[in-house]
>>> print(open('input_31.txt').read())   # compact mmCIF, C-alpha atoms
# COMPACT_ATOMS: atom_id res chain seq x y z
CA MET A 1 22.74 -8.95 -32.71
CA ASP A 2 23.80 -12.28 -34.12
CA ARG A 3 22.50 -15.06 -31.86
CA ASN A 4 25.84 -16.83 -32.07
CA GLU A 5 27.61 -13.70 -30.89
CA HIS A 6 25.13 -13.26 -28.08
CA ALA A 7 25.60 -16.88 -27.05
CA ALA A 8 29.37 -16.46 -27.20
CA ILE A 9 29.23 -13.43 -24.93
CA GLN A 10 27.02 -15.26 -22.44
CA ALA A 11 29.43 -18.19 -22.51
CA VAL A 12 32.39 -15.90 -21.85
CA LEU A 13 30.62 -14.28 -18.92
CA ALA A 14 29.76 -17.76 -17.63
CA GLY A 15 33.46 -18.62 -17.50
CA ASP A 16 34.17 -20.00 -20.99
CA LYS A 17 37.06 -17.80 -22.04
CA GLU A 18 37.59 -19.67 -25.30
CA ALA A 19 34.21 -18.48 -26.58
CA TYR A 20 35.71 -15.03 -26.99
CA GLY A 21 38.00 -16.48 -29.66
CA VAL A 22 35.02 -16.81 -31.99
CA LEU A 23 34.37 -13.08 -31.76
CA VAL A 24 38.04 -12.23 -32.22
CA VAL A 25 38.36 -14.33 -35.37
CA ARG A 26 35.17 -12.89 -36.83
CA HIS A 27 35.99 -9.18 -36.36
CA SER A 28 39.80 -9.04 -36.59
CA GLN A 29 39.94 -8.20 -40.31
CA THR A 30 37.51 -5.30 -40.03
CA LEU A 31 39.27 -3.90 -37.02
CA PHE A 32 42.67 -4.19 -38.67
CA ARG A 33 41.44 -2.34 -41.76
CA VAL A 34 40.14 0.67 -39.86
CA ALA A 35 43.07 0.64 -37.44
CA PHE A 36 45.54 0.66 -40.35
CA ARG A 37 43.74 3.52 -42.05
CA ILE A 38 43.86 5.55 -38.89
CA THR A 39 47.41 4.73 -37.83
CA GLY A 40 48.89 4.27 -41.32
CA ASN A 41 51.17 1.67 -39.87
CA GLU A 42 50.79 -2.12 -39.88
CA ALA A 43 52.48 -2.68 -36.54
CA ASP A 44 50.46 0.02 -34.82
CA ALA A 45 47.29 -1.29 -36.46
CA GLU A 46 47.92 -4.81 -35.20
CA ASP A 47 48.67 -3.49 -31.73
CA ALA A 48 45.46 -1.46 -31.83
CA VAL A 49 43.45 -4.54 -32.84
CA GLN A 50 44.82 -6.60 -29.98
CA GLU A 51 44.33 -3.79 -27.52
CA ALA A 52 40.76 -3.33 -28.71
CA PHE A 53 39.92 -6.97 -28.10
CA LEU A 54 41.60 -6.86 -24.69
CA ARG A 55 39.63 -3.77 -23.69
CA GLY A 56 36.45 -5.29 -25.06
CA TYR A 57 36.97 -8.43 -22.99
CA ARG A 58 37.44 -6.43 -19.80
CA LYS A 59 34.32 -4.37 -20.49
CA LEU A 60 32.21 -7.29 -21.61
CA GLU A 61 30.14 -7.27 -18.42
CA GLY A 62 28.94 -3.76 -19.26
CA PHE A 63 28.04 -4.69 -22.82
CA GLU A 64 24.30 -4.42 -23.42
CA ALA A 65 22.75 -7.51 -24.95
CA ARG A 66 20.65 -5.44 -27.36
CA ALA A 67 23.72 -3.70 -28.82
CA ASN A 68 25.68 -4.95 -31.80
CA PHE A 69 28.99 -6.41 -30.76
CA GLY A 70 30.58 -5.56 -34.13
CA THR A 71 29.70 -1.86 -33.83
CA TRP A 72 30.77 -1.83 -30.19
CA ILE A 73 34.19 -3.40 -30.72
CA TYR A 74 34.67 -1.24 -33.84
CA ARG A 75 34.36 1.93 -31.74
CA ILE A 76 36.82 0.54 -29.24
CA ALA A 77 39.26 -0.19 -32.06
CA VAL A 78 38.90 3.39 -33.37
CA HIS A 79 39.77 4.69 -29.91
CA CYS A 80 42.74 2.39 -29.64
CA ALA A 81 44.04 3.45 -33.08
CA LEU A 82 43.48 7.10 -32.20
CA ASP A 83 45.47 6.62 -29.01
CA LYS A 84 48.26 5.06 -31.03
CA VAL A 85 48.40 8.05 -33.38
CA ARG A 86 48.38 10.52 -30.49
CA ARG A 87 51.11 8.69 -28.63
CA ARG A 88 53.19 8.50 -31.78
CA ARG A 89 52.76 12.22 -32.38
CA VAL A 90 53.92 13.00 -28.87
CA ALA A 91 56.94 10.73 -29.33
CA GLU A 92 57.78 12.41 -32.64
CA VAL A 93 57.55 15.86 -31.11
CA LEU A 94 59.83 14.76 -28.29
CA ARG A 95 62.30 13.29 -30.75
CA ALA A 96 62.24 16.47 -32.84
CA GLY A 97 62.86 18.50 -29.70
CA GLU A 98 65.82 16.35 -28.75
CA SER A 99 67.36 16.48 -32.25
CA ASN A 100 69.70 19.44 -32.74
CA ASP A 101 71.12 18.24 -36.03
CA PRO A 102 69.91 20.70 -38.70
CA GLU A 103 71.15 18.41 -41.45
CA LEU A 104 68.84 15.66 -40.29
CA ASP A 105 65.90 18.04 -40.32
CA GLN A 106 66.80 19.08 -43.82
CA VAL A 107 66.80 15.49 -45.03
CA GLN A 108 63.40 14.87 -43.49
CA VAL A 109 61.93 17.96 -45.13
CA ALA A 110 63.47 17.17 -48.48
CA ASP A 111 62.14 13.66 -48.44
CA ASP A 112 58.66 14.80 -47.45
CA ALA A 113 58.50 17.35 -50.27
CA ALA A 114 59.68 15.01 -52.98
CA GLY A 115 58.52 15.95 -56.46
CA PRO A 116 55.51 14.24 -58.03
CA ASP A 117 57.57 12.87 -60.92
CA ARG A 118 59.84 11.02 -58.56
CA LEU A 119 56.88 9.72 -56.60
CA LEU A 120 55.14 8.54 -59.73
CA LEU A 121 58.23 6.90 -61.03
CA SER A 122 58.86 5.07 -57.79
CA GLY A 123 55.21 4.05 -57.49
CA GLU A 124 54.82 5.89 -54.20
CA ILE A 125 51.55 7.68 -54.80
CA ASN A 126 50.05 5.63 -52.05
CA ALA A 127 52.89 6.71 -49.78
CA LEU A 128 52.21 10.37 -50.60
CA GLN A 129 48.59 9.95 -49.69
CA MET A 130 49.59 8.27 -46.49
CA ALA A 131 51.89 11.19 -45.78
CA ALA A 132 48.96 13.54 -46.42
CA LEU A 133 46.92 11.58 -43.92
CA GLN A 134 49.76 11.77 -41.43
CA SER A 135 49.71 15.56 -41.69
CA LEU A 136 46.22 15.62 -40.22
CA THR A 137 45.55 15.80 -36.52
CA ALA A 138 44.53 12.52 -34.91
CA THR A 139 40.90 13.56 -34.72
CA GLU A 140 40.81 14.90 -38.29
CA ARG A 141 42.49 11.79 -39.60
CA THR A 142 40.12 9.47 -37.78
CA ALA A 143 37.07 11.49 -38.84
CA PHE A 144 38.25 11.47 -42.46
CA VAL A 145 38.99 7.75 -42.45
CA LEU A 146 35.61 6.90 -40.96
CA ARG A 147 33.77 9.22 -43.36
CA HIS A 148 35.72 8.66 -46.55
CA MET A 149 36.90 5.08 -46.30
CA GLU A 150 34.53 3.44 -43.85
CA ASP A 151 31.38 5.19 -45.11
CA ARG A 152 30.29 6.06 -41.57
CA SER A 153 27.75 8.82 -41.04
CA THR A 154 28.58 12.01 -39.19
CA ALA A 155 26.54 10.80 -36.22
CA GLU A 156 28.50 7.53 -36.09
CA ILE A 157 31.79 9.40 -36.33
CA GLY A 158 30.75 11.66 -33.49
CA ALA A 159 29.79 8.64 -31.38
CA ALA A 160 33.05 6.85 -32.15
CA LEU A 161 35.15 9.90 -31.29
CA GLY A 162 33.00 10.95 -28.39
CA ILE A 163 32.32 14.37 -29.88
CA ASP A 164 29.30 16.31 -31.13
CA PRO A 165 28.13 15.34 -34.67
CA ASN A 166 28.63 18.93 -35.82
CA ALA A 167 32.18 18.88 -34.48
CA ALA A 168 32.70 15.60 -36.35
CA LYS A 169 31.44 17.25 -39.55
CA GLN A 170 33.85 20.16 -39.09
CA ALA A 171 36.69 17.70 -38.52
CA VAL A 172 35.84 16.02 -41.83
CA PHE A 173 35.80 19.41 -43.62
CA ARG A 174 39.20 20.40 -42.28
CA ALA A 175 40.64 16.98 -43.13
CA VAL A 176 39.42 17.14 -46.74
CA GLN A 177 40.75 20.67 -47.20
CA LYS A 178 44.17 19.72 -45.81
CA MET A 179 44.31 16.54 -47.88
CA ARG A 180 43.52 18.42 -51.07
CA ARG A 181 46.22 21.00 -50.43
CA ARG A 182 48.69 18.25 -49.63
CA LEU A 183 47.82 16.24 -52.73
CA ALA A 184 47.74 19.25 -55.10
CA PRO A 185 51.23 18.48 -56.52
CA LEU A 186 50.11 15.01 -57.41
CA ARG A 187 47.06 16.36 -59.27
CA MET A 188 49.24 18.75 -61.31
CA ALA A 189 51.61 15.94 -62.21
CA THR A 190 48.85 13.72 -63.54
CA MET B 1 24.49 33.86 -58.40
CA THR B 2 26.03 32.69 -55.12
CA HIS B 3 28.60 29.96 -55.63
CA LEU B 4 28.78 26.88 -53.47
CA THR B 5 31.32 26.88 -50.65
CA GLU B 6 33.86 24.10 -50.35
CA GLU B 7 32.06 22.80 -47.28
CA GLU B 8 28.79 22.59 -49.18
CA MET B 9 30.54 20.70 -51.96
CA ILE B 10 32.12 18.30 -49.48
CA GLU B 11 28.73 17.65 -47.94
CA GLN B 12 27.29 17.09 -51.41
CA ALA B 13 30.11 14.72 -52.32
CA TYR B 14 29.41 12.60 -49.24
CA GLY B 15 25.65 12.81 -49.75
CA GLU B 16 25.05 14.46 -46.42
CA ARG B 17 23.25 17.57 -47.64
CA GLU B 18 19.57 17.72 -46.87
CA ASN B 19 18.67 19.38 -50.19
CA THR B 20 20.88 17.65 -52.72
CA ALA B 21 18.50 18.40 -55.60
CA ALA B 22 18.99 22.16 -55.21
CA VAL B 23 22.76 21.73 -55.23
CA GLU B 24 22.56 19.56 -58.30
CA ARG B 25 20.50 22.21 -60.08
CA HIS B 26 23.08 24.81 -59.15
CA LEU B 27 25.91 22.65 -60.38
CA ALA B 28 24.09 22.15 -63.67
CA ALA B 29 23.68 25.88 -64.11
CA CYS B 30 27.02 27.14 -62.71
CA ALA B 31 30.10 26.11 -64.67
CA PRO B 32 32.71 27.31 -62.12
CA CYS B 33 31.02 25.41 -59.29
CA ALA B 34 30.62 22.34 -61.51
CA ALA B 35 34.35 22.43 -62.31
CA ALA B 36 35.29 22.87 -58.66
CA PHE B 37 32.99 20.04 -57.65
CA ALA B 38 34.43 17.73 -60.31
CA GLU B 39 37.93 18.54 -59.06
CA LEU B 40 36.89 17.74 -55.49
CA LYS B 41 35.40 14.42 -56.55
CA SER B 42 38.58 13.58 -58.41
CA ASP B 43 40.73 14.39 -55.37
CA LEU B 44 38.57 12.28 -53.11
CA ALA B 45 38.67 9.45 -55.62
CA GLU B 46 42.46 9.58 -55.53
CA VAL B 47 42.44 9.03 -51.81
CA ASP B 48 40.34 5.94 -52.33
CA ARG B 49 43.44 4.19 -53.55
CA ILE B 50 44.70 3.80 -49.99
CA GLN B 51 44.11 0.20 -49.09
CA ALA B 52 44.98 -1.64 -45.95
CA PRO B 53 47.51 -4.44 -46.47
CA PRO B 54 45.60 -7.71 -46.77
CA ARG B 55 45.56 -10.12 -43.84
CA ASP B 56 45.27 -13.83 -44.46
CA ASP B 57 42.45 -15.98 -43.10
CA LEU B 58 44.48 -16.99 -40.09
CA TYR B 59 44.95 -13.43 -38.93
CA GLY B 60 42.01 -13.61 -36.51
CA ALA B 61 43.36 -16.84 -35.03
CA ARG B 62 46.74 -15.23 -34.57
CA VAL B 63 45.20 -12.25 -32.79
CA TRP B 64 43.35 -14.65 -30.50
CA ALA B 65 46.48 -16.64 -29.82
CA ALA B 66 48.31 -13.42 -28.95
CA ILE B 67 45.80 -12.24 -26.39
CA ALA B 68 44.19 -15.43 -25.07
CA ASP B 69 46.75 -16.04 -22.35
CA SER B 70 46.40 -12.56 -20.91
CA LEU B 71 42.63 -12.77 -20.54
CA PRO B 72 41.28 -13.70 -17.11
CA VAL B 73 38.42 -16.15 -16.84
CA TYR B 74 35.08 -14.63 -15.85
CA ARG B 75 33.73 -16.21 -12.71
CA PRO B 76 30.01 -16.84 -13.10
CA GLN B 77 27.91 -15.22 -10.41
CA PRO B 78 26.24 -17.80 -8.15
CA ARG B 79 22.57 -17.85 -8.91
CA SER B 80 20.06 -18.23 -6.15
CA TRP B 81 17.42 -20.99 -6.28
CA TRP B 82 14.60 -18.50 -6.84
CA ALA B 83 16.46 -16.85 -9.72
CA ALA B 84 16.81 -20.27 -11.34
CA ALA B 85 13.15 -21.03 -10.69
CA TRP B 86 12.15 -17.69 -12.19
CA ARG B 87 13.64 -18.77 -15.50
CA ASN B 88 11.21 -21.67 -15.65
CA PRO B 89 8.13 -20.37 -17.51
CA TRP B 90 5.74 -22.67 -15.59
CA LEU B 91 7.10 -21.65 -12.21
CA LYS B 92 7.17 -18.06 -13.36
CA GLY B 93 3.46 -18.21 -14.22
CA LEU B 94 2.72 -19.89 -10.91
CA GLY B 95 4.64 -17.18 -9.14
CA TYR B 96 2.62 -14.47 -10.87
CA ALA B 97 -0.63 -16.25 -9.93
CA ALA B 98 0.42 -16.56 -6.29
CA LEU B 99 1.45 -12.94 -6.20
CA THR B 100 -1.88 -11.87 -7.67
CA ALA B 101 -3.81 -14.01 -5.15
CA LEU B 102 -1.79 -12.50 -2.32
CA LEU B 103 -2.51 -8.98 -3.50
CA VAL B 104 -6.24 -9.72 -3.83
CA SER B 105 -6.32 -11.23 -0.32
CA CYS B 106 -4.53 -8.24 1.13
CA ALA B 107 -6.92 -5.87 -0.61
CA PHE B 108 -9.94 -7.84 0.66
CA TYR B 109 -8.65 -7.93 4.23
CA ALA B 110 -7.80 -4.24 4.11
CA GLY B 111 -11.30 -3.51 2.83
CA ARG B 112 -12.90 -5.45 5.68
CA LEU B 113 -10.78 -3.69 8.25
CA PHE B 114 -11.76 -0.38 6.71
CA GLU B 115 -15.45 -1.25 6.84
CA GLN B 116 -15.25 -2.40 10.46
CA LYS B 117 -13.51 0.75 11.43
CA LYS B 118 -16.09 2.77 9.57
CA THR B 119 -19.10 1.15 11.33
CA GLN B 120 -17.66 1.35 14.84
CA PRO B 121 -18.50 4.51 16.80
CA PRO B 122 -15.61 6.78 17.25
CA VAL B 123 -13.49 6.06 20.24
CA ALA B 124 -14.36 9.40 21.76
CA GLN B 125 -18.07 8.53 21.60
CA ALA B 126 -17.63 4.95 22.81
CA ALA B 127 -15.68 5.95 25.84
CA PRO B 128 -17.79 6.43 28.98
CA ARG B 129 -18.50 9.99 29.69
CA PRO B 130 -16.48 11.22 32.57
CA GLN B 131 -18.44 11.39 35.76
CA GLN B 132 -19.64 14.76 36.69
CA PRO B 133 -17.95 16.08 39.74
CA LYS B 134 -20.82 15.48 42.09
CA GLN B 135 -18.77 15.91 45.21
CA PRO B 136 -18.17 19.65 44.74
CA ILE B 137 -21.94 20.24 44.49
CA VAL B 138 -22.55 18.36 47.72
CA VAL B 139 -19.73 20.29 49.33
CA VAL B 140 -21.23 23.58 48.20
CA VAL B 141 -24.71 22.62 49.50
CA LEU B 142 -23.22 21.49 52.79
CA ASP B 143 -21.17 24.64 53.01
CA ASP B 144 -24.31 26.74 52.51
CA HIS B 145 -26.10 24.76 55.21
CA LEU B 146 -23.25 25.14 57.62
CA ASP B 147 -23.05 28.83 56.79
CA ARG B 148 -26.71 29.32 57.61
CA SER B 149 -26.37 27.17 60.71
CA GLU B 150 -23.38 29.19 61.86
CA ARG B 151 -25.29 32.43 61.45
CA PHE B 152 -28.22 30.94 63.36
CA LEU B 153 -25.95 29.84 66.16
CA VAL B 154 -24.27 33.22 66.32
CA GLU B 155 -27.67 34.86 66.42
CA LEU B 156 -28.75 32.44 69.14
CA LYS B 157 -25.60 33.06 71.14
CA HIS B 158 -26.13 36.80 71.13
CA ALA B 159 -29.93 36.70 71.47
CA GLU B 160 -31.29 38.77 74.35
CA LEU B 161 -33.22 36.71 76.78
CA ASN B 162 -35.90 39.37 77.24
CA SER B 163 -36.43 40.09 73.55
CA THR B 164 -39.47 38.45 72.00
CA GLY B 165 -39.25 40.06 68.54
CA MET B 166 -36.66 37.57 67.29
CA ALA B 167 -38.26 34.49 68.72
CA SER B 168 -40.62 33.65 65.92
CA PRO B 169 -38.18 34.16 62.98
CA MET B 170 -35.50 32.15 64.83
CA ARG B 171 -37.86 29.29 65.38
CA ASP B 172 -38.81 29.30 61.67
CA GLU B 173 -35.15 29.39 60.74
CA ALA B 174 -34.49 26.55 63.14
CA ARG B 175 -37.21 24.43 61.52
CA SER B 176 -35.87 25.15 58.05
CA LEU B 177 -32.35 24.32 59.11
CA LEU B 178 -33.53 21.18 60.86
CA ALA B 179 -35.01 19.78 57.64
CA ALA B 180 -31.87 20.61 55.68
CA ASN B 181 -29.69 19.24 58.46
CA ARG B 182 -31.36 15.84 58.26
CA ILE B 183 -30.59 15.58 54.59
CA CYS B 184 -27.01 16.57 55.27
CA ARG B 185 -26.76 13.97 58.00
CA GLN B 186 -27.85 11.26 55.57
CA LYS B 187 -25.11 12.38 53.20
CA ALA B 188 -22.63 12.46 56.05
CA ASP B 189 -23.50 8.85 56.97
CA LYS B 190 -22.68 7.73 53.42
CA ALA B 191 -19.55 9.86 53.26
CA ASP B 192 -18.07 8.14 56.29
CA ASP B 193 -16.97 11.46 57.81
CA PRO B 194 -17.25 11.05 61.65
CA GLU B 195 -16.26 14.63 62.43
CA LEU B 196 -18.94 16.02 60.14
CA LYS B 197 -21.47 13.49 61.42
CA THR B 198 -20.82 14.47 65.06
CA ALA B 199 -21.17 18.15 64.27
CA LEU B 200 -24.39 17.60 62.37
CA ASP B 201 -25.77 15.41 65.21
CA HIS B 202 -25.12 18.11 67.79
CA LEU B 203 -26.58 20.65 65.41
CA ASP B 204 -29.62 18.43 64.92
CA HIS B 205 -30.31 18.27 68.66
CA LEU B 206 -29.94 21.96 69.04
CA LEU B 207 -32.10 22.81 66.02
CA GLY B 208 -34.71 20.28 67.11
CA ASP B 209 -34.88 21.86 70.59
CA ALA B 210 -35.12 25.34 69.05
CA ALA B 211 -37.81 24.37 66.57
CA ASN B 212 -39.86 22.39 69.03
CA ALA B 213 -39.36 24.31 72.22
CA PRO B 214 -42.59 24.13 74.22
CA GLY B 215 -44.09 27.61 74.42
CA GLY B 216 -41.84 28.97 71.69
CA LEU B 217 -38.40 30.54 71.94
CA ASN B 218 -38.87 32.51 75.11
CA GLY B 219 -36.10 33.71 77.39
CA GLU B 220 -35.94 30.47 79.26
CA ALA B 221 -35.72 28.37 76.10
CA ILE B 222 -33.03 30.63 74.63
CA ALA B 223 -30.99 30.42 77.81
CA ARG B 224 -31.25 26.64 77.79
CA LEU B 225 -30.24 26.49 74.14
CA GLN B 226 -27.29 28.80 74.76
CA ASN B 227 -26.11 26.54 77.57
CA GLU B 228 -26.55 23.49 75.41
CA MET B 229 -24.68 25.16 72.51
CA ASN B 230 -21.81 26.21 74.74
CA ALA B 231 -21.65 22.83 76.47
CA GLU B 232 -21.37 20.89 73.30
CA GLY B 233 -19.30 23.51 71.45
CA VAL B 234 -21.63 23.31 68.51
CA LEU B 235 -20.65 26.64 67.06
CA PHE B 236 -16.96 25.72 67.24
CA GLU B 237 -17.61 22.36 65.60
CA VAL B 238 -19.62 23.93 62.82
CA ARG B 239 -16.91 26.47 62.13
CA VAL B 240 -14.17 23.82 62.07
CA VAL B 241 -16.13 21.55 59.78
CA ARG B 242 -17.16 24.42 57.55
CA SER B 243 -13.58 25.62 57.31
CA ARG B 244 -12.44 22.15 56.30
CA ILE B 245 -15.21 21.69 53.75
CA ALA B 246 -14.66 25.16 52.33
CA GLY B 247 -11.04 24.23 51.74
CA ARG B 248 -12.13 21.24 49.69
CA SER B 249 -14.47 23.28 47.56
CA SER B 250 -12.69 25.53 45.13
CA GLY B 251 -14.27 28.85 44.59
CA THR B 252 -16.02 28.95 47.87
CA ASN B 253 -15.16 31.38 50.54
CA PRO B 254 -14.54 29.69 53.88
CA GLU B 255 -14.99 32.96 55.64
CA LYS B 256 -18.38 33.52 54.03
CA GLY B 257 -20.68 34.62 56.76
CA GLY B 258 -18.16 33.64 59.35
CA THR B 259 -18.06 36.82 61.33
CA ILE B 260 -19.18 36.75 64.87
>>> encode(input="input_31.txt", output="structure tokens")
Amino acid sequence: MDRNEHAAIQAVLAGDKEAYGVLVVRHSQTLFRVAFRITGNEADAEDAVQEAFLRGYRKLEGFEARANFGTWIYRIAVHCALDKVRRRRVAEVLRAGESNDPELDQVQVADDAAGPDRLLLSGEINALQMAALQSLTATERTAFVLRHMEDRSTAEIGAALGIDPNAAKQAVFRAVQKMRRRLAPLRMAT
Amino acid sequence: MTHLTEEEMIEQAYGERENTAAVERHLAACAPCAAAFAELKSDLAEVDRIQAPPRDDLYGARVWAAIADSLPVYRPQPRSWWAAAWRNPWLKGLGYAALTALLVSCAFYAGRLFEQKKTQPPVAQAAPRPQQPKQPIVVVVLDDHLDRSERFLVELKHAELNSTGMASPMRDEARSLLAANRICRQKADKADDPELKTALDHLDHLLGDAANAPGGLNGEAIARLQNEMNAEGVLFEVRVVRSRIAGRSSGTNPEKGGTI
């Protein structure tokens, strides 16, 4: 681990709270990137980043000096982002259960299944991909983001999600298959 | 030819297959699989377009500002003086040296104790041997003497004054008992047993008269001895003392030879 980071952690544990600011400034961008890719939402990603640093601070006494702080706080951020996605899913399900307006449901479906021409014309390819990501389960989405966008190995994904590496590999397979089916209209349009 | 599964292609695309060369050879030889693999790569490349919105350089500072107030200050654990000293390399080395010296001293002392213990005779051997129970042997010898004396006295008591056949054996028995009685008297003096001493004294007089009667144990001498025995109650004394001594000696029969 970086000596400066090690020194900062020791300073924090010795009572210098401000030393933690150095670590926050250094790793915020990385954490935001992965949190955004998992949550697909800027506000949720920023919340996840802050929550990750808060959790990391509280657990700092249990942090092993030989470990890498960047890797450690990254895993915490993945968990925080995953929690955000799961909580949001639960809220959406509850909202859908409360809504008895069939017209509203129709609008949502129509918007989600917008034709590729319209998407291309409005420059919303990125939005379609984000929608494809949203269709994945929280675990599949996180596994796909870590594998495809963060170039993490299956073992690292398993460690970050707290699951077996083989289960992490299967989650990546399912995510890729779902993404391809979801993005098939876009491929035909281009 | 067996085509590649989608999972195998995904693994190949992410470079996680163990035998990528074999897959590459298959892709080179199998047009359908090559087309499917190219399509997969294209789809995955499309997803690469998703980028996180950029954050400016002050983003980290803003995150810190947002959370700093809610973080508690860690209270450093008070360190003991020895923990602080242990961090000093010189004191640490000195500590190791002292510890080593202490261990060597303990080992040396333990070795000496072990050797001393080894050279000393076992406690069981060093302890004085318990005294043999001499007293029971004396008691048994005395009991035998009293038993013989009692039989002699009984014989003397019932001896016929006119009979001369028993005179010589009785006198021999009296002499034998007289010698044994003197030894027993010496023991009785040391034992500080006045009752026994009195009985043995009376017995000594009687046995001495019987053994040394002038003219042998004739009717007159026997009659005199019987009177003497009755007057002093020698037979009664011998029986009482013998009964008491027999009670002290386990395994002896106090009634042995005690019939009259």
>>> interface_residues(input="input_31.txt", of="chain B", to="chain A", cutoff="10 Å", atoms="all atoms listed in the file", output="PyMOL selection string")
chain B and resi 6-11+14-16+39-40+42-77
>>> residues_around(input="input_31.txt", residues="Leu156 (chain B)", least_positions_apart="3", cutoff="10 Å", atoms="only C-alpha atoms", output="list in words")
Glu150, Arg151, Phe152, Leu153, Ala159, Glu160, Leu161, Met166, Ala167, Met170, Ala210, Ile222, Ala223, Leu225, Gln226 and Met229 of chain B
>>> residues_around(input="input_31.txt", residues="Asp209 (chain B)", least_positions_apart="3", cutoff="9 Å", atoms="only C-alpha atoms", output="list of chain:residue names")
B:Ala174, B:Asp204, B:His205, B:Leu206, B:Asn212, B:Ala213, B:Pro214, B:Ala221, B:Leu225
>>> write_last_selection(input="input_31.txt", atoms="C-alpha atoms", output="PDB file, in the coordinates of the input")
ATOM      1  CA  ALA B 174     -34.490  26.550  63.140  1.00  0.00           C
ATOM      2  CA  ASP B 204     -29.620  18.430  64.920  1.00  0.00           C
ATOM      3  CA  HIS B 205     -30.310  18.270  68.660  1.00  0.00           C
ATOM      4  CA  LEU B 206     -29.940  21.960  69.040  1.00  0.00           C
ATOM      5  CA  ASN B 212     -39.860  22.390  69.030  1.00  0.00           C
ATOM      6  CA  ALA B 213     -39.360  24.310  72.220  1.00  0.00           C
ATOM      7  CA  PRO B 214     -42.590  24.130  74.220  1.00  0.00           C
ATOM      8  CA  ALA B 221     -35.720  28.370  76.100  1.00  0.00           C
ATOM      9  CA  LEU B 225     -30.240  26.490  74.140  1.00  0.00           C
TER      10      LEU B 225
END
>>> residues_around(input="input_31.txt", residues="Leu196 (chain B)", least_positions_apart="2", cutoff="10 Å", atoms="only C-alpha atoms", output="list in words")
Cys184, Arg185, Lys187, Ala188, Asp189, Ala191, Asp192, Asp193, Pro194, Thr198, Ala199, Leu200, Asp201, Glu237, Val238, Val240, Val241, Arg242, Arg244 and Ile245 of chain B
>>> atom_distance(input="input_31.txt", atom1="CA of Asn230 (chain B)", atom2="CA of Val154 (chain B)")
11.2 Å
>>> residues_near_point(input="input_31.txt", point="(41.2, 3.2, -30.9)", cutoff="10 Å", atoms="all atoms listed in the file", output="PyMOL selection string")
chain A and resi 31+34-35+38-39+45+48-49+51-52+73-85+142+160-161
>>> atom_distance(input="input_31.txt", atom1="CA of Ala13 (chain B)", atom2="CA of Asn68 (chain A)")
28.8 Å
>>> atom_distance(input="input_31.txt", atom1="CA of Ala22 (chain B)", atom2="CA of Thr2 (chain B)")
12.7 Å
>>> axis_aligned_box(input="input_31.txt", around="region 169-176 of chain A", padding_each_side="8 Å", output="lines of an AutoDock Vina configuration file")
center_x = 36.0
center_y = 18.2
center_z = -42.6
size_x = 25.2
size_y = 20.4
size_z = 24.2
>>> closest_residue(input="input_31.txt", among="A:Ala91, A:Ala143, A:Ala19, A:Leu136", to="Pro165 (chain A)", atoms="all atoms listed in the file")
A:Ala143
>>> decode(input="input_31.txt", residues="region 29-39 of chain B", atoms="N, CA and C atoms", output="PDB file, in the first residue's frame")
ATOM      1  N   ALA B  29     -11.521 -21.952 -38.178  1.00  0.00           N
ATOM      2  CA  ALA B  29     -11.970 -23.028 -39.061  1.00  0.00           C
ATOM      3  C   ALA B  29     -13.477 -23.070 -39.222  1.00  0.00           C
ATOM      4  N   CYS B  30     -14.223 -22.469 -38.272  1.00  0.00           N
ATOM      5  CA  CYS B  30     -15.689 -22.578 -38.261  1.00  0.00           C
ATOM      6  C   CYS B  30     -16.293 -21.203 -38.555  1.00  0.00           C
ATOM      7  N   ALA B  31     -16.856 -21.053 -39.724  1.00  0.00           N
ATOM      8  CA  ALA B  31     -17.429 -19.764 -40.123  1.00  0.00           C
ATOM      9  C   ALA B  31     -18.610 -19.353 -39.267  1.00  0.00           C
ATOM     10  N   PRO B  32     -19.572 -20.260 -38.987  1.00  0.00           N
ATOM     11  CA  PRO B  32     -20.716 -19.846 -38.147  1.00  0.00           C
ATOM     12  C   PRO B  32     -20.275 -19.343 -36.775  1.00  0.00           C
ATOM     13  N   CYS B  33     -19.354 -20.067 -36.162  1.00  0.00           N
ATOM     14  CA  CYS B  33     -18.887 -19.642 -34.824  1.00  0.00           C
ATOM     15  C   CYS B  33     -18.132 -18.319 -34.921  1.00  0.00           C
ATOM     16  N   ALA B  34     -17.357 -18.148 -36.008  1.00  0.00           N
ATOM     17  CA  ALA B  34     -16.610 -16.902 -36.178  1.00  0.00           C
ATOM     18  C   ALA B  34     -17.574 -15.728 -36.316  1.00  0.00           C
ATOM     19  N   ALA B  35     -18.667 -15.943 -37.072  1.00  0.00           N
ATOM     20  CA  ALA B  35     -19.664 -14.882 -37.243  1.00  0.00           C
ATOM     21  C   ALA B  35     -20.345 -14.555 -35.923  1.00  0.00           C
ATOM     22  N   ALA B  36     -20.709 -15.611 -35.188  1.00  0.00           N
ATOM     23  CA  ALA B  36     -21.377 -15.401 -33.896  1.00  0.00           C
ATOM     24  C   ALA B  36     -20.438 -14.697 -32.914  1.00  0.00           C
ATOM     25  N   PHE B  37     -19.185 -15.044 -32.956  1.00  0.00           N
ATOM     26  CA  PHE B  37     -18.223 -14.424 -32.044  1.00  0.00           C
ATOM     27  C   PHE B  37     -18.019 -12.951 -32.386  1.00  0.00           C
ATOM     28  N   ALA B  38     -17.963 -12.663 -33.709  1.00  0.00           N
ATOM     29  CA  ALA B  38     -17.808 -11.278 -34.145  1.00  0.00           C
ATOM     30  C   ALA B  38     -19.008 -10.443 -33.711  1.00  0.00           C
ATOM     31  N   GLU B  39     -20.202 -11.036 -33.802  1.00  0.00           N
ATOM     32  CA  GLU B  39     -21.411 -10.337 -33.390  1.00  0.00           C
ATOM     33  C   GLU B  39     -21.381 -10.048 -31.879  1.00  0.00           C
TER      34      GLU B  39
END
